[in-house]
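A.B. asks: The structure's right below; bear with me while I get my questions together.
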Amino acid sequence: MANFIYLNVNPDGNKESDCVTRAISLASGLSYPEIRRKLFHSSKLLNCEKLCSTCYSFLIEHVLKCRPIKCDNMTVREFADLHPYGIYLVRMAGHISTIINGDCYDIWNCLDQKLTNSWKVK
């Protein structure tokens, strides 16, 4: 059964709309500043805003080599329960979070949100 575990990897401890950076940093094991730099470079390469889904999807899939996973019409909880082992990035409308070994790590409990995308982290 999936659990929500509060974790804020923002180096300043701020609770802000930095879910993309927080989630990718936690999932990848790369530092928060390193992910910010990678998002900046991806946005320049793709000529888009660094927090748009096209930009961070490029970083997740092509730079970090994460594999998209089917998640049609699932909640974060349902997905986590189906994937009790491994590290995943999960996207819902307006938010992205990290699942590690079936638990959702974030600054708010998004377990009941519907997924739009998910990736298995290498």
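Residues are named by chain letter and number: chains run A, B, ... in the order of the structure tokens, numbers start at 1 in each chain, and ligands are numbered from 1 in the order shown.
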Mind checking which residues fall within 6 Å of range 2-13 of chain A, counting only C-alpha atoms, ignoring those fewer than 3 positions away in the same chain, and posting them as a PyMOL selection string?
C.D. replies: chain A and resi 22+77+80-81+102-107+109
A.B. asks: Could you please take those selected residues and save N, CA and C atoms as a CSV table (one decimal), in the first residue's frame?
C.D. replies:
chain,number,residue,atom,x,y,z
A,22,ARG,N,12.6,19.5,-7.8
A,22,ARG,CA,12.6,18.7,-6.6
A,22,ARG,C,12.5,17.2,-7.0
A,77,ARG,N,-1.6,6.7,-6.3
A,77,ARG,CA,-1.6,5.6,-5.4
A,77,ARG,C,-1.7,4.3,-6.1
A,80,ALA,N,1.6,3.6,-7.8
A,80,ALA,CA,2.6,3.2,-6.7
A,80,ALA,C,2.4,1.7,-6.3
A,81,ASP,N,1.1,1.4,-6.1
A,81,ASP,CA,0.8,0.0,-5.6
A,81,ASP,C,1.2,-1.0,-6.7
A,102,GLY,N,7.4,2.2,-4.1
A,102,GLY,CA,6.0,2.2,-3.8
A,102,GLY,C,5.5,3.4,-2.9
A,103,ASP,N,6.4,4.3,-2.5
A,103,ASP,CA,6.0,5.4,-1.6
A,103,ASP,C,6.2,6.7,-2.4
A,104,CYS,N,5.3,7.6,-2.2
A,104,CYS,CA,5.4,8.9,-2.9
A,104,CYS,C,6.0,10.0,-2.0
A,105,TYR,N,7.1,10.5,-2.5
A,105,TYR,CA,7.9,11.6,-1.8
A,105,TYR,C,7.6,12.9,-2.4
A,106,ASP,N,7.1,13.8,-1.5
A,106,ASP,CA,6.7,15.1,-2.0
A,106,ASP,C,6.5,16.1,-0.8
A,107,ILE,N,6.1,17.3,-1.1
A,107,ILE,CA,5.8,18.2,0.0
A,107,ILE,C,4.3,18.3,0.2
A,109,ASN,N,0.5,15.7,-0.2
A,109,ASN,CA,0.0,14.3,-0.5
A,109,ASN,C,-0.8,14.4,-1.8
A.B. asks: Residues near Ser28 in chain A, anyone? I mean within 10 Å using only C-alpha atoms, not counting same-chain ones fewer than 5 positions away, as an mmCIF file with N, CA and C atoms, in the first residue's frame.
C.D. replies:
data_model
loop_
_atom_site.group_PDB
_atom_site.id
_atom_site.type_symbol
_atom_site.label_atom_id
_atom_site.label_comp_id
_atom_site.auth_asym_id
_atom_site.auth_seq_id
_atom_site.Cartn_x
_atom_site.Cartn_y
_atom_site.Cartn_z
ATOM 1 N N ALA A 23 11.469 16.880 -7.817
ATOM 2 C CA ALA A 23 11.191 15.484 -8.179
ATOM 3 C C ALA A 23 12.340 14.878 -8.983
ATOM 4 N N ILE A 35 20.155 19.922 -11.439
ATOM 5 C CA ILE A 35 18.910 19.762 -12.211
ATOM 6 C C ILE A 35 18.435 21.113 -12.718
ATOM 7 N N ILE A 60 14.084 14.320 -18.885
ATOM 8 C CA ILE A 60 13.822 13.006 -18.281
ATOM 9 C C ILE A 60 14.123 11.873 -19.261
ATOM 10 N N LEU A 64 18.411 11.968 -19.058
ATOM 11 C CA LEU A 64 18.507 11.020 -17.950
ATOM 12 C C LEU A 64 18.166 9.583 -18.361
ATOM 13 N N CYS A 66 15.316 7.989 -18.864
ATOM 14 C CA CYS A 66 14.208 7.321 -18.183
ATOM 15 C C CYS A 66 13.217 6.809 -19.225
ATOM 16 N N ILE A 87 12.367 3.304 -8.858
ATOM 17 C CA ILE A 87 12.188 4.750 -8.765
ATOM 18 C C ILE A 87 11.445 5.224 -10.010
ATOM 19 N N TYR A 88 10.432 6.033 -9.804
ATOM 20 C CA TYR A 88 9.593 6.538 -10.887
ATOM 21 C C TYR A 88 9.341 8.030 -10.716
ATOM 22 N N LEU A 89 9.243 8.720 -11.822
ATOM 23 C CA LEU A 89 8.728 10.085 -11.849
ATOM 24 C C LEU A 89 7.304 9.991 -12.354
ATOM 25 N N THR A 98 7.834 12.062 -7.143
ATOM 26 C CA THR A 98 8.726 10.907 -7.192
ATOM 27 C C THR A 98 8.150 9.760 -6.368
ATOM 28 N N VAL A 121 12.926 5.388 -13.719
ATOM 29 C CA VAL A 121 14.258 5.961 -13.650
ATOM 30 C C VAL A 121 15.262 4.833 -13.731
ATOM 31 N N LYS A 122 16.314 5.051 -14.531
ATOM 32 C CA LYS A 122 17.369 4.049 -14.705
ATOM 33 C C LYS A 122 18.102 3.774 -13.426
#
A.B. asks: Of the residues A:Cys19, A:Lys38, A:Trp108, A:Leu59, which is the one nearest to Gly94 in chain A, using only C-alpha atoms?
C.D. replies: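 Counting only C-alpha atoms, the residue closest to Gly94 in chain A is A:Cys19.
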A.B. asks: Can you tell me, as a PyMOL selection string, which residues in range 6-122 of chain A count as strand (DSSP E or B) by DSSP?
C.D. replies: chain A and resi 6+67-68+75+87-92+95-100+103-106+114-120
A.B. asks: How would the residues just picked look written out with N, CA, C and O atoms as an mmCIF file, in the first residue's frame?
C.D. replies:
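What ended up in again-v6.cif:
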data_model
loop_
_atom_site.group_PDB
_atom_site.id
_atom_site.type_symbol
_atom_site.label_atom_id
_atom_site.label_comp_id
_atom_site.auth_asym_id
_atom_site.auth_seq_id
_atom_site.Cartn_x
_atom_site.Cartn_y
_atom_site.Cartn_z
ATOM 1 N N TYR A 6 6.579 12.968 3.455
ATOM 2 C CA TYR A 6 6.972 14.359 3.254
ATOM 3 C C TYR A 6 8.480 14.435 3.085
ATOM 4 O O TYR A 6 9.241 13.921 3.908
ATOM 5 N N ARG A 67 12.579 5.701 -18.908
ATOM 6 C CA ARG A 67 11.674 5.038 -19.850
ATOM 7 C C ARG A 67 10.216 5.362 -19.499
ATOM 8 O O ARG A 67 9.789 5.170 -18.356
ATOM 9 N N PRO A 68 9.431 5.849 -20.479
ATOM 10 C CA PRO A 68 8.005 6.089 -20.213
ATOM 11 C C PRO A 68 7.293 4.776 -19.836
ATOM 12 O O PRO A 68 7.600 3.721 -20.380
ATOM 13 N N THR A 75 -4.473 6.654 -10.575
ATOM 14 C CA THR A 75 -4.063 7.635 -9.586
ATOM 15 C C THR A 75 -2.604 7.341 -9.217
ATOM 16 O O THR A 75 -2.078 6.263 -9.527
ATOM 17 N N ILE A 87 12.367 3.304 -8.858
ATOM 18 C CA ILE A 87 12.188 4.750 -8.765
ATOM 19 C C ILE A 87 11.445 5.224 -10.010
ATOM 20 O O ILE A 87 11.807 4.858 -11.133
ATOM 21 N N TYR A 88 10.432 6.033 -9.804
ATOM 22 C CA TYR A 88 9.593 6.538 -10.887
ATOM 23 C C TYR A 88 9.341 8.030 -10.716
ATOM 24 O O TYR A 88 9.224 8.520 -9.590
ATOM 25 N N LEU A 89 9.243 8.720 -11.822
ATOM 26 C CA LEU A 89 8.728 10.085 -11.849
ATOM 27 C C LEU A 89 7.304 9.991 -12.354
ATOM 28 O O LEU A 89 7.036 9.264 -13.328
ATOM 29 N N VAL A 90 6.390 10.680 -11.691
ATOM 30 C CA VAL A 90 4.983 10.640 -12.087
ATOM 31 C C VAL A 90 4.471 12.067 -12.232
ATOM 32 O O VAL A 90 4.717 12.920 -11.396
ATOM 33 N N ARG A 91 3.774 12.280 -13.341
ATOM 34 C CA ARG A 91 3.245 13.614 -13.637
ATOM 35 C C ARG A 91 1.734 13.573 -13.599
ATOM 36 O O ARG A 91 1.108 12.632 -14.084
ATOM 37 N N MET A 92 1.158 14.598 -13.003
ATOM 38 C CA MET A 92 -0.274 14.821 -13.027
ATOM 39 C C MET A 92 -0.494 16.248 -13.504
ATOM 40 O O MET A 92 0.486 16.949 -13.743
ATOM 41 N N HIS A 95 1.674 19.142 -11.861
ATOM 42 C CA HIS A 95 2.557 18.692 -10.791
ATOM 43 C C HIS A 95 3.333 17.447 -11.226
ATOM 44 O O HIS A 95 2.877 16.679 -12.074
ATOM 45 N N ILE A 96 4.508 17.256 -10.631
ATOM 46 C CA ILE A 96 5.307 16.058 -10.848
ATOM 47 C C ILE A 96 5.884 15.637 -9.501
ATOM 48 O O ILE A 96 6.194 16.480 -8.656
ATOM 49 N N SER A 97 5.953 14.332 -9.292
ATOM 50 C CA SER A 97 6.391 13.805 -8.009
ATOM 51 C C SER A 97 7.273 12.579 -8.225
ATOM 52 O O SER A 97 7.422 12.098 -9.351
ATOM 53 N N THR A 98 7.834 12.062 -7.143
ATOM 54 C CA THR A 98 8.726 10.907 -7.192
ATOM 55 C C THR A 98 8.150 9.760 -6.368
ATOM 56 O O THR A 98 7.712 9.971 -5.233
ATOM 57 N N ILE A 99 8.182 8.575 -6.955
ATOM 58 C CA ILE A 99 7.814 7.356 -6.235
ATOM 59 C C ILE A 99 9.075 6.520 -6.094
ATOM 60 O O ILE A 99 9.766 6.262 -7.086
ATOM 61 N N ILE A 100 9.361 6.124 -4.868
ATOM 62 C CA ILE A 100 10.505 5.259 -4.590
ATOM 63 C C ILE A 100 9.999 4.049 -3.811
ATOM 64 O O ILE A 100 9.423 4.200 -2.724
ATOM 65 N N ASP A 103 6.424 4.262 -2.470
ATOM 66 C CA ASP A 103 6.035 5.401 -1.647
ATOM 67 C C ASP A 103 6.231 6.703 -2.405
ATOM 68 O O ASP A 103 7.190 6.849 -3.168
ATOM 69 N N CYS A 104 5.325 7.644 -2.192
ATOM 70 C CA CYS A 104 5.354 8.936 -2.875
ATOM 71 C C CYS A 104 6.030 9.976 -1.984
ATOM 72 O O CYS A 104 5.565 10.249 -0.873
ATOM 73 N N TYR A 105 7.137 10.538 -2.481
ATOM 74 C CA TYR A 105 7.905 11.553 -1.758
ATOM 75 C C TYR A 105 7.606 12.925 -2.356
ATOM 76 O O TYR A 105 7.833 13.141 -3.547
ATOM 77 N N ASP A 106 7.109 13.830 -1.514
ATOM 78 C CA ASP A 106 6.721 15.148 -2.010
ATOM 79 C C ASP A 106 6.486 16.069 -0.825
ATOM 80 O O ASP A 106 6.616 15.650 0.320
ATOM 81 N N LYS A 114 -4.865 12.024 -10.491
ATOM 82 C CA LYS A 114 -4.780 11.214 -11.716
ATOM 83 C C LYS A 114 -3.489 11.521 -12.466
ATOM 84 O O LYS A 114 -3.111 12.681 -12.621
ATOM 85 N N LEU A 115 -2.845 10.484 -12.946
ATOM 86 C CA LEU A 115 -1.593 10.633 -13.686
ATOM 87 C C LEU A 115 -1.824 10.953 -15.155
ATOM 88 O O LEU A 115 -2.809 10.511 -15.748
ATOM 89 N N THR A 116 -0.882 11.694 -15.715
ATOM 90 C CA THR A 116 -0.867 11.938 -17.159
ATOM 91 C C THR A 116 0.344 11.271 -17.806
ATOM 92 O O THR A 116 0.289 10.876 -18.963
ATOM 93 N N ASN A 117 1.457 11.174 -17.063
ATOM 94 C CA ASN A 117 2.695 10.564 -17.567
ATOM 95 C C ASN A 117 3.429 9.911 -16.408
ATOM 96 O O ASN A 117 3.283 10.318 -15.269
ATOM 97 N N SER A 118 4.273 8.937 -16.751
ATOM 98 C CA SER A 118 5.158 8.339 -15.737
ATOM 99 C C SER A 118 6.391 7.789 -16.435
ATOM 100 O O SER A 118 6.358 7.444 -17.627
ATOM 101 N N TRP A 119 7.482 7.762 -15.687
ATOM 102 C CA TRP A 119 8.758 7.290 -16.226
ATOM 103 C C TRP A 119 9.463 6.424 -15.197
ATOM 104 O O TRP A 119 9.490 6.757 -14.017
ATOM 105 N N LYS A 120 10.088 5.352 -15.653
ATOM 106 C CA LYS A 120 10.946 4.506 -14.810
ATOM 107 C C LYS A 120 12.351 5.094 -14.883
ATOM 108 O O LYS A 120 12.901 5.310 -15.964
#
A.B. asks: What is the CA of Gly29 in chain A to CA of Val63 in chain A distance in Å?
C.D. replies: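 Result for CA of Gly29 in chain A versus CA of Val63 in chain A: 13.8 Å, one decimal.
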A.B. asks: Just the residues within 9 Å of range 47-57 of chain A, please, counting only C-alpha atoms, with nothing from its chain fewer than 5 positions along; format it as a list in words.
C.D. replies: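 After dropping sequence-adjacent residues, the list is Asp18, Val20, Thr21, Ile24, Arg36, Leu39, Phe40, His41, Ser42 and His62 of chain A.
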A.B. asks: Just give me the gap between CA of Gln113 in chain A and CA of Met74 in chain A in Å, one decimal is fine.
C.D. replies: 8.3 Å
A.B. asks: Just to confirm, what's the straight-line distance from CA of Asn14 in chain A to CA of Asp112 in chain A in Å (one decimal)?
C.D. replies: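 Taking CA of Asn14 in chain A and CA of Asp112 in chain A, their separation equals 23.9 Å.
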A.B. asks: Can you list, as a count of residues only, all residues belonging to chain A that DSSP tags as helix (DSSP H, G or I)?
C.D. replies: 43
A.B. asks: Which residue is closest to Leu111 in chain A? Choose from A:Ile69, A:Glu16, A:Glu78, A:Phe58 and count only C-alpha atoms.
C.D. replies: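 The shortest atom-to-atom distance to Leu111 in chain A comes from A:Glu78.
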